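Student: mmCIF, C-alpha atoms and all ligand atoms, file protein-v9.cif:
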data_input
#
loop_
_atom_site.group_PDB
_atom_site.id
_atom_site.type_symbol
_atom_site.label_atom_id
_atom_site.label_comp_id
_atom_site.auth_asym_id
_atom_site.auth_seq_id
_atom_site.Cartn_x
_atom_site.Cartn_y
_atom_site.Cartn_z
ATOM 1 C CA MET A 1 6.485 -7.327 9.556
ATOM 2 C CA LEU A 2 4.567 -8.039 12.771
ATOM 3 C CA ILE A 3 3.452 -11.566 13.643
ATOM 4 C CA SER A 4 0.963 -12.138 16.461
ATOM 5 C CA PHE A 5 0.941 -15.568 18.100
ATOM 6 C CA LYS A 6 -0.945 -17.414 20.828
ATOM 7 C CA ASP A 7 1.751 -20.037 21.538
ATOM 8 C CA ASP A 8 5.294 -20.962 20.439
ATOM 9 C CA ALA A 9 4.069 -23.496 17.854
ATOM 10 C CA ALA A 10 1.865 -20.828 16.221
ATOM 11 C CA ARG A 11 4.787 -18.379 16.187
ATOM 12 C CA ASP A 12 7.152 -20.912 14.592
ATOM 13 C CA GLY A 13 4.479 -21.896 12.032
ATOM 14 C CA ALA A 14 3.891 -18.253 11.125
ATOM 15 C CA LEU A 15 7.637 -17.583 10.766
ATOM 16 C CA ALA A 16 8.055 -20.618 8.478
ATOM 17 C CA GLY A 17 4.965 -19.520 6.489
ATOM 18 C CA LEU A 18 6.375 -16.002 6.217
ATOM 19 C CA HIS A 19 9.622 -17.379 4.832
ATOM 20 C CA ASP A 20 7.757 -19.438 2.161
ATOM 21 C CA TRP A 21 5.579 -16.464 1.290
ATOM 22 C CA GLU A 22 8.620 -14.207 0.880
ATOM 23 C CA VAL A 23 10.228 -16.754 -1.465
ATOM 24 C CA ARG A 24 6.979 -16.999 -3.511
ATOM 25 C CA THR A 25 6.267 -13.276 -3.746
ATOM 26 C CA GLY A 26 9.791 -11.889 -3.815
ATOM 27 C CA PHE A 27 8.841 -9.573 -0.922
ATOM 28 C CA GLN A 28 11.749 -9.141 1.473
ATOM 29 C CA SER A 29 10.897 -7.941 4.997
ATOM 30 C CA THR A 30 13.768 -6.031 6.583
ATOM 31 C CA ARG A 31 12.672 -6.739 10.154
ATOM 32 C CA VAL A 32 10.263 -9.202 11.753
ATOM 33 C CA PHE A 33 8.645 -8.594 15.147
ATOM 34 C CA ALA A 34 6.622 -11.185 17.046
ATOM 35 C CA ARG A 35 3.972 -10.343 19.624
ATOM 36 C CA PHE A 36 2.396 -12.738 22.131
ATOM 37 C CA LEU A 37 -1.416 -12.492 22.312
ATOM 38 C CA PRO A 38 -2.228 -13.135 25.997
ATOM 39 C CA ARG A 39 -5.685 -13.919 27.369
ATOM 40 C CA GLN A 40 -5.453 -11.084 29.899
ATOM 41 C CA ASN A 41 -4.771 -7.452 28.900
ATOM 42 C CA ALA A 42 -2.504 -7.095 31.948
ATOM 43 C CA GLU A 43 -0.079 -9.604 30.391
ATOM 44 C CA ARG A 44 0.311 -7.622 27.173
ATOM 45 C CA GLY A 45 3.869 -6.663 26.253
ATOM 46 C CA ALA A 46 5.715 -4.924 23.425
ATOM 47 C CA PRO A 47 6.600 -6.979 20.306
ATOM 48 C CA MET A 48 10.068 -8.632 20.224
ATOM 49 C CA LEU A 49 12.442 -8.388 17.282
ATOM 50 C CA VAL A 50 13.011 -11.907 15.879
ATOM 51 C CA ALA A 51 14.848 -11.072 12.638
ATOM 52 C CA GLY A 52 16.632 -8.028 11.267
ATOM 53 C CA ASP A 53 18.906 -5.268 12.514
ATOM 54 C CA PRO A 54 18.466 -4.649 16.271
ATOM 55 C CA ALA A 55 20.101 -1.221 15.860
ATOM 56 C CA ALA A 56 17.460 0.060 13.392
ATOM 57 C CA PRO A 57 14.907 2.537 14.836
ATOM 58 C CA LEU A 58 11.751 1.035 16.362
ATOM 59 C CA SER A 59 9.533 3.637 14.712
ATOM 60 C CA SER A 60 8.677 3.825 11.061
ATOM 61 C CA VAL A 61 6.106 5.227 8.639
ATOM 62 C CA VAL A 62 3.862 2.911 6.628
ATOM 63 C CA THR A 63 1.636 3.759 3.669
ATOM 64 C CA GLU A 64 -1.847 2.325 3.193
ATOM 65 C CA ALA A 65 -3.799 3.326 0.082
ATOM 66 C CA GLY A 66 -1.659 6.452 -0.196
ATOM 67 C CA VAL A 67 -2.175 7.480 3.474
ATOM 68 C CA ARG A 68 0.865 7.643 5.750
ATOM 69 C CA TYR A 69 0.736 6.388 9.350
ATOM 70 C CA GLY A 70 3.411 6.314 12.029
ATOM 71 C CA VAL A 71 4.060 2.928 13.652
ATOM 72 C CA HIS A 72 6.185 2.210 16.696
ATOM 73 C CA PHE A 73 7.230 -1.237 17.912
ATOM 74 C CA GLY A 74 8.653 -0.092 21.226
ATOM 75 C CA THR A 75 5.785 1.794 22.867
ATOM 76 C CA GLY A 76 3.729 -1.177 24.007
ATOM 77 C CA TYR A 77 1.398 -3.848 22.767
ATOM 78 C CA SER A 78 -0.150 -1.906 19.848
ATOM 79 C CA SER A 79 2.071 -0.402 17.193
ATOM 80 C CA GLY A 80 -0.246 2.438 16.131
ATOM 81 C CA LEU A 81 -2.190 1.019 13.182
ATOM 82 C CA PHE A 82 -4.783 -1.772 13.150
ATOM 83 C CA VAL A 83 -4.389 -3.317 9.706
ATOM 84 C CA ASP A 84 -7.642 -5.285 10.049
ATOM 85 C CA GLN A 85 -9.510 -1.955 9.768
ATOM 86 C CA ARG A 86 -8.080 -1.090 6.344
ATOM 87 C CA GLU A 87 -11.220 -1.910 4.333
ATOM 88 C CA ASN A 88 -13.286 0.153 6.786
ATOM 89 C CA ARG A 89 -10.883 3.089 6.347
ATOM 90 C CA ALA A 90 -11.255 2.672 2.581
ATOM 91 C CA HIS A 91 -15.049 2.635 2.907
ATOM 92 C CA LEU A 92 -14.927 5.787 5.042
ATOM 93 C CA ARG A 93 -12.859 7.581 2.410
ATOM 94 C CA GLY A 94 -15.387 6.489 -0.215
ATOM 95 C CA ILE A 95 -18.266 7.921 1.828
ATOM 96 C CA ALA A 96 -16.303 11.194 2.076
ATOM 97 C CA PRO A 97 -18.266 12.503 5.096
ATOM 98 C CA LYS A 98 -18.319 16.256 5.741
ATOM 99 C CA ARG A 99 -18.137 15.714 9.515
ATOM 100 C CA LEU A 100 -16.578 12.676 11.198
ATOM 101 C CA LEU A 101 -16.820 11.730 14.867
ATOM 102 C CA ASN A 102 -14.095 9.189 15.678
ATOM 103 C CA THR A 103 -14.682 7.780 19.163
ATOM 104 C CA PHE A 104 -12.050 5.583 20.904
ATOM 105 C CA ALA A 105 -9.843 7.152 18.240
ATOM 106 C CA TYR A 106 -6.422 5.793 19.392
ATOM 107 C CA THR A 107 -3.922 7.203 16.826
ATOM 108 C CA CYS A 108 -6.748 8.712 14.741
ATOM 109 C CA SER A 109 -6.202 6.602 11.616
ATOM 110 C CA PHE A 110 -9.884 6.884 10.669
ATOM 111 C CA SER A 111 -9.728 10.657 11.207
ATOM 112 C CA ALA A 112 -6.682 11.070 8.937
ATOM 113 C CA ALA A 113 -8.305 8.949 6.217
ATOM 114 C CA ALA A 114 -11.548 10.983 6.384
ATOM 115 C CA ALA A 115 -9.711 14.318 6.574
ATOM 116 C CA LEU A 116 -7.896 13.460 3.343
ATOM 117 C CA ALA A 117 -11.331 12.990 1.765
ATOM 118 C CA GLY A 118 -12.328 16.491 2.947
ATOM 119 C CA ALA A 119 -13.919 15.857 6.369
ATOM 120 C CA THR A 120 -13.634 18.002 9.455
ATOM 121 C CA THR A 121 -13.027 15.587 12.311
ATOM 122 C CA VAL A 122 -13.538 15.193 16.041
ATOM 123 C CA SER A 123 -11.327 12.486 17.581
ATOM 124 C CA VAL A 124 -11.997 11.388 21.157
ATOM 125 C CA ASP A 125 -9.737 9.192 23.283
ATOM 126 C CA LEU A 126 -8.843 8.985 26.971
ATOM 127 C CA SER A 127 -5.159 8.829 26.034
ATOM 128 C CA LYS A 128 -3.539 12.187 25.347
ATOM 129 C CA LYS A 129 -0.435 10.349 24.069
ATOM 130 C CA SER A 130 -2.470 8.466 21.456
ATOM 131 C CA LEU A 131 -4.088 11.712 20.312
ATOM 132 C CA ASP A 132 -0.612 13.278 20.001
ATOM 133 C CA ARG A 133 0.253 10.381 17.675
ATOM 134 C CA GLY A 134 -2.986 11.156 15.850
ATOM 135 C CA ARG A 135 -1.850 14.755 15.301
ATOM 136 C CA GLU A 136 1.473 13.369 14.007
ATOM 137 C CA ASN A 137 -0.468 11.205 11.527
ATOM 138 C CA PHE A 138 -2.219 14.360 10.274
ATOM 139 C CA LEU A 139 1.134 16.121 9.854
ATOM 140 C CA LEU A 140 2.613 13.078 8.062
ATOM 141 C CA ASN A 141 -0.145 13.561 5.468
ATOM 142 C CA ARG A 142 0.330 17.353 5.293
ATOM 143 C CA LEU A 143 -3.128 17.838 6.770
ATOM 144 C CA PRO A 144 -3.552 21.135 8.645
ATOM 145 C CA LEU A 145 -4.745 20.654 12.225
ATOM 146 C CA ASP A 146 -7.267 23.547 12.108
ATOM 147 C CA GLY A 147 -10.812 22.352 11.621
ATOM 148 C CA HIS A 148 -9.961 19.169 13.505
ATOM 149 C CA ARG A 149 -10.563 18.596 17.221
ATOM 150 C CA PHE A 150 -8.675 16.106 19.407
ATOM 151 C CA LEU A 151 -10.489 15.601 22.719
ATOM 152 C CA ALA A 152 -8.659 13.776 25.527
ATOM 153 C CA ASP A 153 -11.809 12.729 27.345
ATOM 154 C CA ASP A 154 -14.215 9.873 28.049
ATOM 155 C CA VAL A 155 -16.454 9.075 25.074
ATOM 156 C CA LEU A 156 -19.337 8.398 27.459
ATOM 157 C CA ASP A 157 -19.113 12.012 28.716
ATOM 158 C CA VAL A 158 -18.415 13.562 25.310
ATOM 159 C CA LEU A 159 -21.363 12.031 23.397
ATOM 160 C CA PRO A 160 -24.118 13.587 25.566
ATOM 161 C CA ARG A 161 -22.217 16.917 25.578
ATOM 162 C CA LEU A 162 -22.084 16.961 21.765
ATOM 163 C CA GLU A 163 -25.801 16.122 21.643
ATOM 164 C CA ARG A 164 -26.692 18.960 24.068
ATOM 165 C CA ARG A 165 -24.758 21.349 21.803
ATOM 166 C CA GLY A 166 -26.752 20.140 18.792
ATOM 167 C CA GLU A 167 -23.666 18.879 16.951
ATOM 168 C CA ASN A 168 -24.145 16.071 14.467
ATOM 169 C CA PHE A 169 -22.002 13.988 12.160
ATOM 170 C CA ASP A 170 -22.242 12.227 8.786
ATOM 171 C CA ALA A 171 -19.980 9.371 9.907
ATOM 172 C CA ILE A 172 -19.283 8.008 13.378
ATOM 173 C CA ILE A 173 -16.679 5.402 14.340
ATOM 174 C CA LEU A 174 -17.465 3.223 17.368
ATOM 175 C CA ASP A 175 -14.507 0.908 17.993
ATOM 176 C CA PRO A 176 -14.351 0.557 21.787
ATOM 177 C CA PRO A 177 -12.085 -1.765 23.782
ATOM 178 C CA THR A 178 -13.571 -4.814 25.519
ATOM 179 C CA PHE A 179 -12.985 -3.317 28.977
ATOM 180 C CA SER A 180 -11.613 0.003 30.223
ATOM 181 C CA LEU A 181 -11.689 2.472 33.081
ATOM 182 C CA GLY A 182 -12.973 5.908 32.114
ATOM 183 C CA ASN A 183 -13.467 9.239 33.891
ATOM 184 C CA ARG A 184 -13.980 8.945 37.664
ATOM 185 C CA GLY A 185 -13.020 5.251 37.505
ATOM 186 C CA ARG A 186 -16.179 4.396 35.556
ATOM 187 C CA ARG A 187 -16.016 0.859 34.169
ATOM 188 C CA TRP A 188 -16.639 0.201 30.478
ATOM 189 C CA ASN A 189 -17.668 -3.295 29.386
ATOM 190 C CA VAL A 190 -18.487 -3.594 25.701
ATOM 191 C CA GLU A 191 -20.779 -6.622 26.083
ATOM 192 C CA GLU A 192 -22.986 -4.783 28.553
ATOM 193 C CA GLN A 193 -22.818 -1.279 27.095
ATOM 194 C CA ILE A 194 -22.652 -1.519 23.304
ATOM 195 C CA GLY A 195 -26.412 -0.811 23.147
ATOM 196 C CA ASP A 196 -26.098 2.383 25.226
ATOM 197 C CA LEU A 197 -23.136 3.487 23.110
ATOM 198 C CA LEU A 198 -25.114 2.994 19.891
ATOM 199 C CA HIS A 199 -28.057 4.878 21.356
ATOM 200 C CA ALA A 200 -25.802 7.827 22.327
ATOM 201 C CA ALA A 201 -24.142 7.791 18.865
ATOM 202 C CA ILE A 202 -27.513 7.871 17.089
ATOM 203 C CA GLY A 203 -28.242 11.002 19.161
ATOM 204 C CA VAL A 204 -25.450 12.855 17.290
ATOM 205 C CA ALA A 205 -25.937 11.239 13.863
ATOM 206 C CA ALA A 206 -27.127 13.364 10.942
ATOM 207 C CA PRO A 207 -29.879 11.951 8.684
ATOM 208 C CA GLY A 208 -28.290 9.397 6.345
ATOM 209 C CA ALA A 209 -25.218 9.023 8.588
ATOM 210 C CA TRP A 210 -22.917 5.996 8.508
ATOM 211 C CA ILE A 211 -21.953 4.426 11.856
ATOM 212 C CA LEU A 212 -19.156 1.854 12.082
ATOM 213 C CA VAL A 213 -19.664 -0.594 14.963
ATOM 214 C CA SER A 214 -16.555 -2.639 15.695
ATOM 215 C CA THR A 215 -15.256 -4.894 18.446
ATOM 216 C CA ASN A 216 -12.402 -7.244 19.277
ATOM 217 C CA CYS A 217 -14.402 -8.877 22.058
ATOM 218 C CA THR A 218 -14.404 -12.580 21.202
ATOM 219 C CA ARG A 219 -17.858 -13.028 22.768
ATOM 220 C CA LEU A 220 -19.460 -10.575 20.318
ATOM 221 C CA ASP A 221 -19.772 -11.537 16.667
ATOM 222 C CA ARG A 222 -21.090 -9.497 13.775
ATOM 223 C CA ALA A 223 -24.622 -10.868 14.265
ATOM 224 C CA SER A 224 -24.698 -9.620 17.861
ATOM 225 C CA LEU A 225 -23.469 -6.174 16.748
ATOM 226 C CA GLU A 226 -26.299 -6.070 14.191
ATOM 227 C CA ARG A 227 -28.843 -7.134 16.842
ATOM 228 C CA ALA A 228 -27.676 -4.301 19.118
ATOM 229 C CA ALA A 229 -27.849 -1.828 16.198
ATOM 230 C CA ARG A 230 -31.383 -2.979 15.231
ATOM 231 C CA PHE A 231 -32.527 -2.521 18.811
ATOM 232 C CA ALA A 232 -31.004 0.991 18.967
ATOM 233 C CA LEU A 233 -32.737 1.895 15.678
ATOM 234 C CA LYS A 234 -36.065 0.648 17.011
ATOM 235 C CA THR A 235 -35.710 2.686 20.213
ATOM 236 C CA ALA A 236 -34.869 5.795 18.159
ATOM 237 C CA ARG A 237 -37.717 4.988 15.694
ATOM 238 C CA LEU A 238 -35.305 5.128 12.776
ATOM 239 C CA GLY A 239 -34.683 2.887 9.782
ATOM 240 C CA GLY A 240 -31.327 1.752 8.500
ATOM 241 C CA SER A 241 -29.427 -0.872 6.561
ATOM 242 C CA PHE A 242 -26.133 -2.728 7.045
ATOM 243 C CA PHE A 243 -22.965 -2.854 4.990
ATOM 244 C CA HIS A 244 -19.997 -5.200 5.492
ATOM 245 C CA ALA A 245 -16.520 -4.396 4.233
ATOM 246 C CA PRO A 246 -14.981 -7.204 2.123
ATOM 247 C CA PRO A 247 -13.224 -10.034 4.031
ATOM 248 C CA LEU A 248 -9.438 -9.776 4.460
ATOM 249 C CA PRO A 249 -7.304 -12.532 2.900
ATOM 250 C CA ASP A 250 -4.687 -12.252 5.672
ATOM 251 C CA PHE A 251 -7.165 -12.709 8.555
ATOM 252 C CA PRO A 252 -8.718 -16.179 9.005
ATOM 253 C CA HIS A 253 -12.533 -16.115 9.254
ATOM 254 C CA GLY A 254 -13.568 -14.885 12.721
ATOM 255 C CA GLU A 255 -10.124 -13.378 13.517
ATOM 256 C CA GLY A 256 -9.515 -9.634 13.711
ATOM 257 C CA ALA A 257 -12.139 -7.041 14.543
ATOM 258 C CA GLN A 258 -15.819 -7.904 14.000
ATOM 259 C CA THR A 259 -17.318 -4.931 12.219
ATOM 260 C CA VAL A 260 -20.502 -3.695 10.587
ATOM 261 C CA TRP A 261 -21.537 -0.355 9.090
ATOM 262 C CA LEU A 262 -25.004 0.896 9.968
ATOM 263 C CA HIS A 263 -26.358 3.293 7.337
ATOM 264 C CA LEU A 264 -29.185 5.429 8.730
ATOM 265 C CA LYS A 265 -32.112 6.369 6.506
HETATM 266 C C1 LIG B 301 -9.408 -0.555 20.179
HETATM 267 S S1 LIG B 301 -8.583 0.984 20.410
HETATM 268 C C2 LIG B 301 -9.353 1.854 19.105
HETATM 269 C C3 LIG B 301 -8.649 1.660 17.773
HETATM 270 C C4 LIG B 301 -8.980 2.690 16.713
HETATM 271 N N1 LIG B 301 -10.396 2.708 16.393
HETATM 272 C C5 LIG B 301 -8.169 2.426 15.435
HETATM 273 O O1 LIG B 301 -8.699 1.833 14.487
HETATM 274 O O2 LIG B 301 -6.981 2.788 15.426
HETATM 275 C C6 LIG B 301 -9.403 1.569 21.862
HETATM 276 C C7 LIG B 301 -9.052 2.997 22.315
HETATM 277 O O3 LIG B 301 -10.088 3.408 23.227
HETATM 278 C C8 LIG B 301 -9.530 4.264 24.200
HETATM 279 N N2 LIG B 301 -10.502 4.298 25.315
HETATM 280 C C9 LIG B 301 -10.813 3.299 26.173
HETATM 281 N N3 LIG B 301 -11.851 3.663 26.949
HETATM 282 C C10 LIG B 301 -12.216 4.915 26.575
HETATM 283 C C11 LIG B 301 -13.230 5.830 26.980
HETATM 284 N N4 LIG B 301 -14.088 5.519 27.938
HETATM 285 N N5 LIG B 301 -13.314 7.030 26.351
HETATM 286 C C12 LIG B 301 -12.419 7.370 25.371
HETATM 287 N N6 LIG B 301 -11.451 6.538 24.934
HETATM 288 C C13 LIG B 301 -11.348 5.327 25.524
HETATM 289 C C14 LIG B 301 -8.163 3.680 24.496
HETATM 290 O O4 LIG B 301 -7.301 4.679 25.007
HETATM 291 C C15 LIG B 301 -7.749 3.163 23.085
HETATM 292 O O5 LIG B 301 -6.971 4.127 22.416
#
Starting from the file, lay out its structure as structure tokens.
Tutor:
Amino acid sequence: MLISFKDDAARDGALAGLHDWEVRTGFQSTRVFARFLPRQNAERGAPMLVAGDPAAPLSSVVTEAGVRYGVHFGTGYSSGLFVDQRENRAHLRGIAPKRLLNTFAYTCSFSAAAALAGATTVSVDLSKKSLDRGRENFLLNRLPLDGHRFLADDVLDVLPRLERRGENFDAIILDPPTFSLGNRGRRWNVEEQIGDLLHAAIGVAAPGAWILVSTNCTRLDRASLERAARFALKTARLGGSFFHAPPLPDFPHGEGAQTVWLHLK
């Protein structure tokens, strides 16, 4: 169990709530980790064990809707799986795209979910280590790696390259960080560049493609993602509609990633 908290009172409240919930449901967590959510990325640290056996391994395998993912509580701030994306992974499996482009792929959870539904996948992330964990997620699900590409590169360089090669995709995941430094020290800022990213993604989208637009930036809500998507559609002279995955009972309204699926005509 991983609890994220913004201050000590929130942590203690969550731990007490967890205890009550365990009594009510009969669910018994074997270990509980707590992770401080700082305002600045630079202050991010690994989760701390607050209950359970300190000698037990920090890595484990979890199962979500029959798909296995590796998680690790000792490698840094993120453990390997964003649970607030589970309904979007379920939607992706339902779409069953033939070709998936997973940008900002991290540990490739969307790629593994789509591959199990028959997709060939291209996963792009600056971090080679995260892509290695992505390959491990494929192996955990007995998915062969052939037919799947893992590109350790900057999404902003890869998208135009894929377009020049005439590649296109039936589903595209756009889940960028709020800020990052890409190839040649290029700065990424989601608030300023989400429109350009959408435009580049539409350039490699097949007719009828689904594009997931997602952000954790607290200054962008779902309405602003939809505005950016509408503008990108207008520029590309395309039509489309929006789909929202169902709300999550364990994430208060407005918490977790803000997401919307754009379905191209
Ligand atoms: C929010 S995580 C993505 C989470 C992922 N969609 C998931 O559900 O597991 C952001 C990822 O973007 C990667 N990243 C940041 N800037 C990038 C860039 N310019 N090009 C490629 N990857 C980038 C980071 O290494 C990180 O793994």
Student: Step by step, work through what the PyMOL selection byres (((chain A and resi 144) around 12) and not hetatm) selects in the shown file, and finish by giving those residues as a PyMOL selection string.
Tutor: chain A and resi 112+115-116+118-121+135-143+145-149
Student: What's the 8 Å shell around A:Arg89, counting all atoms listed in the file, without same-chain residues fewer than 5 positions away, as a list of chain:residue names?
Tutor: A:Ser109, A:Phe110, A:Ala113, A:Ala114
Student: Using all atoms listed in the file, which protein or nucleic acid residues come within 7 Å of stretch 213-224 of chain A? Drop anything in the same chain fewer than 2 positions from it, and give the result as a PyMOL selection string.
Tutor: chain A and resi 173-178+211+226-228+256-261
Student: Create the file for the chosen residues now, containing C-alpha atoms and written as a JSON list (two decimals), keeping the file's coordinate frame.
Tutor:
[["chain", "number", "residue", "atom", "x", "y", "z"],
["A", 173, "ILE", "CA", -16.68, 5.40, 14.34],
["A", 174, "LEU", "CA", -17.46, 3.22, 17.37],
["A", 175, "ASP", "CA", -14.51, 0.91, 17.99],
["A", 176, "PRO", "CA", -14.35, 0.56, 21.79],
["A", 177, "PRO", "CA", -12.08, -1.76, 23.78],
["A", 178, "THR", "CA", -13.57, -4.81, 25.52],
["A", 211, "ILE", "CA", -21.95, 4.43, 11.86],
["A", 226, "GLU", "CA", -26.30, -6.07, 14.19],
["A", 227, "ARG", "CA", -28.84, -7.13, 16.84],
["A", 228, "ALA", "CA", -27.68, -4.30, 19.12],
["A", 256, "GLY", "CA", -9.52, -9.63, 13.71],
["A", 257, "ALA", "CA", -12.14, -7.04, 14.54],
["A", 258, "GLN", "CA", -15.82, -7.90, 14.00],
["A", 259, "THR", "CA", -17.32, -4.93, 12.22],
["A", 260, "VAL", "CA", -20.50, -3.70, 10.59],
["A", 261, "TRP", "CA", -21.54, -0.36, 9.09]]
Student: Taking into account all atoms listed in the file, which residue in the set A:Pro247, A:Gly182, A:Pro54, A:Gly239 is nearest to ligand LIG 301 (chain B)?
Tutor: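 When distances to ligand LIG 301 (chain B) are compared using all atoms listed in the file, the smallest one comes from A:Gly182.
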Student: Tell me which of A:Phe27, A:Phe169, A:Phe33, A:Trp188 sits closest to ligand LIG 301 (chain B), counting only C-alpha atoms and all ligand atoms.
Tutor: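 Among the listed residues, the smallest separation from ligand LIG 301 (chain B) belongs to A:Trp188.
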Student: By how many Å are atom CA of A:Pro57 and atom CA of A:Glu22 apart?
Tutor: 22.7 Å
Student: Counting only C-alpha atoms and all ligand atoms, which of A:Leu198, A:Ala10, A:Leu92, A:Ala152 gets nearest to ligand LIG 301 (chain B)?
Tutor: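 That would be A:Ala152, the residue with the smallest distance to ligand LIG 301 (chain B).
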Student: Applying the PyMOL selection byres (((chain A and resi 47) around 10) and not hetatm) to the file I just gave you, which residues come out? Please list them as a list in words.
Tutor: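 Evaluating the PyMOL selection byres (((chain A and resi 47) around 10) and not hetatm) on these coordinates yields Leu2, Ile3, Ser4, Val32, Phe33, Ala34, Arg35, Phe36, Leu37, Arg44, Gly45, Ala46, Met48, Leu49, Val50, His72, Phe73, Gly74, Thr75, Gly76, Tyr77, Ser78 and Ser79 of chain A.
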Student: Please write a file for stretch 157-173 of chain A, taken from the block I just shared, that holds N, CA and C atoms and is laid out as an mmCIF file, in the first residue's frame.
Tutor:
data_model
loop_
_atom_site.group_PDB
_atom_site.id
_atom_site.type_symbol
_atom_site.label_atom_id
_atom_site.label_comp_id
_atom_site.auth_asym_id
_atom_site.auth_seq_id
_atom_site.Cartn_x
_atom_site.Cartn_y
_atom_site.Cartn_z
ATOM 1 N N ASP A 157 11.582 14.997 -30.886
ATOM 2 C CA ASP A 157 12.367 14.648 -32.076
ATOM 3 C C ASP A 157 11.765 13.438 -32.790
ATOM 4 N N VAL A 158 11.185 12.525 -32.013
ATOM 5 C CA VAL A 158 10.687 11.273 -32.608
ATOM 6 C C VAL A 158 9.429 11.518 -33.443
ATOM 7 N N LEU A 159 8.504 12.365 -32.944
ATOM 8 C CA LEU A 159 7.223 12.544 -33.650
ATOM 9 C C LEU A 159 7.426 13.016 -35.093
ATOM 10 N N PRO A 160 8.219 14.081 -35.342
ATOM 11 C CA PRO A 160 8.406 14.486 -36.739
ATOM 12 C C PRO A 160 9.108 13.412 -37.582
ATOM 13 N N ARG A 161 10.007 12.639 -36.938
ATOM 14 C CA ARG A 161 10.716 11.573 -37.676
ATOM 15 C C ARG A 161 9.718 10.501 -38.124
ATOM 16 N N LEU A 162 8.815 10.123 -37.210
ATOM 17 C CA LEU A 162 7.805 9.109 -37.567
ATOM 18 C C LEU A 162 6.913 9.637 -38.689
ATOM 19 N N GLU A 163 6.584 10.930 -38.629
ATOM 20 C CA GLU A 163 5.715 11.511 -39.663
ATOM 21 C C GLU A 163 6.430 11.507 -41.015
ATOM 22 N N ARG A 164 7.726 11.874 -41.028
ATOM 23 C CA ARG A 164 8.479 11.878 -42.301
ATOM 24 C C ARG A 164 8.511 10.488 -42.908
ATOM 25 N N ARG A 165 8.558 9.464 -42.024
ATOM 26 C CA ARG A 165 8.604 8.070 -42.536
ATOM 27 C C ARG A 165 7.227 7.568 -42.940
ATOM 28 N N GLY A 166 6.206 8.357 -42.709
ATOM 29 C CA GLY A 166 4.839 7.961 -43.100
ATOM 30 C C GLY A 166 4.228 6.936 -42.163
ATOM 31 N N GLU A 167 4.778 6.838 -40.928
ATOM 32 C CA GLU A 167 4.188 5.877 -39.980
ATOM 33 C C GLU A 167 2.933 6.481 -39.368
ATOM 34 N N ASN A 168 1.927 5.669 -39.128
ATOM 35 C CA ASN A 168 0.792 6.193 -38.351
ATOM 36 C C ASN A 168 0.216 5.129 -37.427
ATOM 37 N N PHE A 169 -0.604 5.609 -36.491
ATOM 38 C CA PHE A 169 -0.998 4.794 -35.336
ATOM 39 C C PHE A 169 -2.500 4.922 -35.082
ATOM 40 N N ASP A 170 -3.075 3.841 -34.560
ATOM 41 C CA ASP A 170 -4.525 3.831 -34.250
ATOM 42 C C ASP A 170 -4.802 4.352 -32.847
ATOM 43 N N ALA A 171 -3.774 4.352 -31.994
ATOM 44 C CA ALA A 171 -3.919 4.938 -30.653
ATOM 45 C C ALA A 171 -2.590 5.579 -30.279
ATOM 46 N N ILE A 172 -2.701 6.746 -29.643
ATOM 47 C CA ILE A 172 -1.496 7.496 -29.246
ATOM 48 C C ILE A 172 -1.694 7.967 -27.806
ATOM 49 N N ILE A 173 -0.689 7.728 -26.973
ATOM 50 C CA ILE A 173 -0.754 8.178 -25.574
ATOM 51 C C ILE A 173 0.144 9.403 -25.427
#
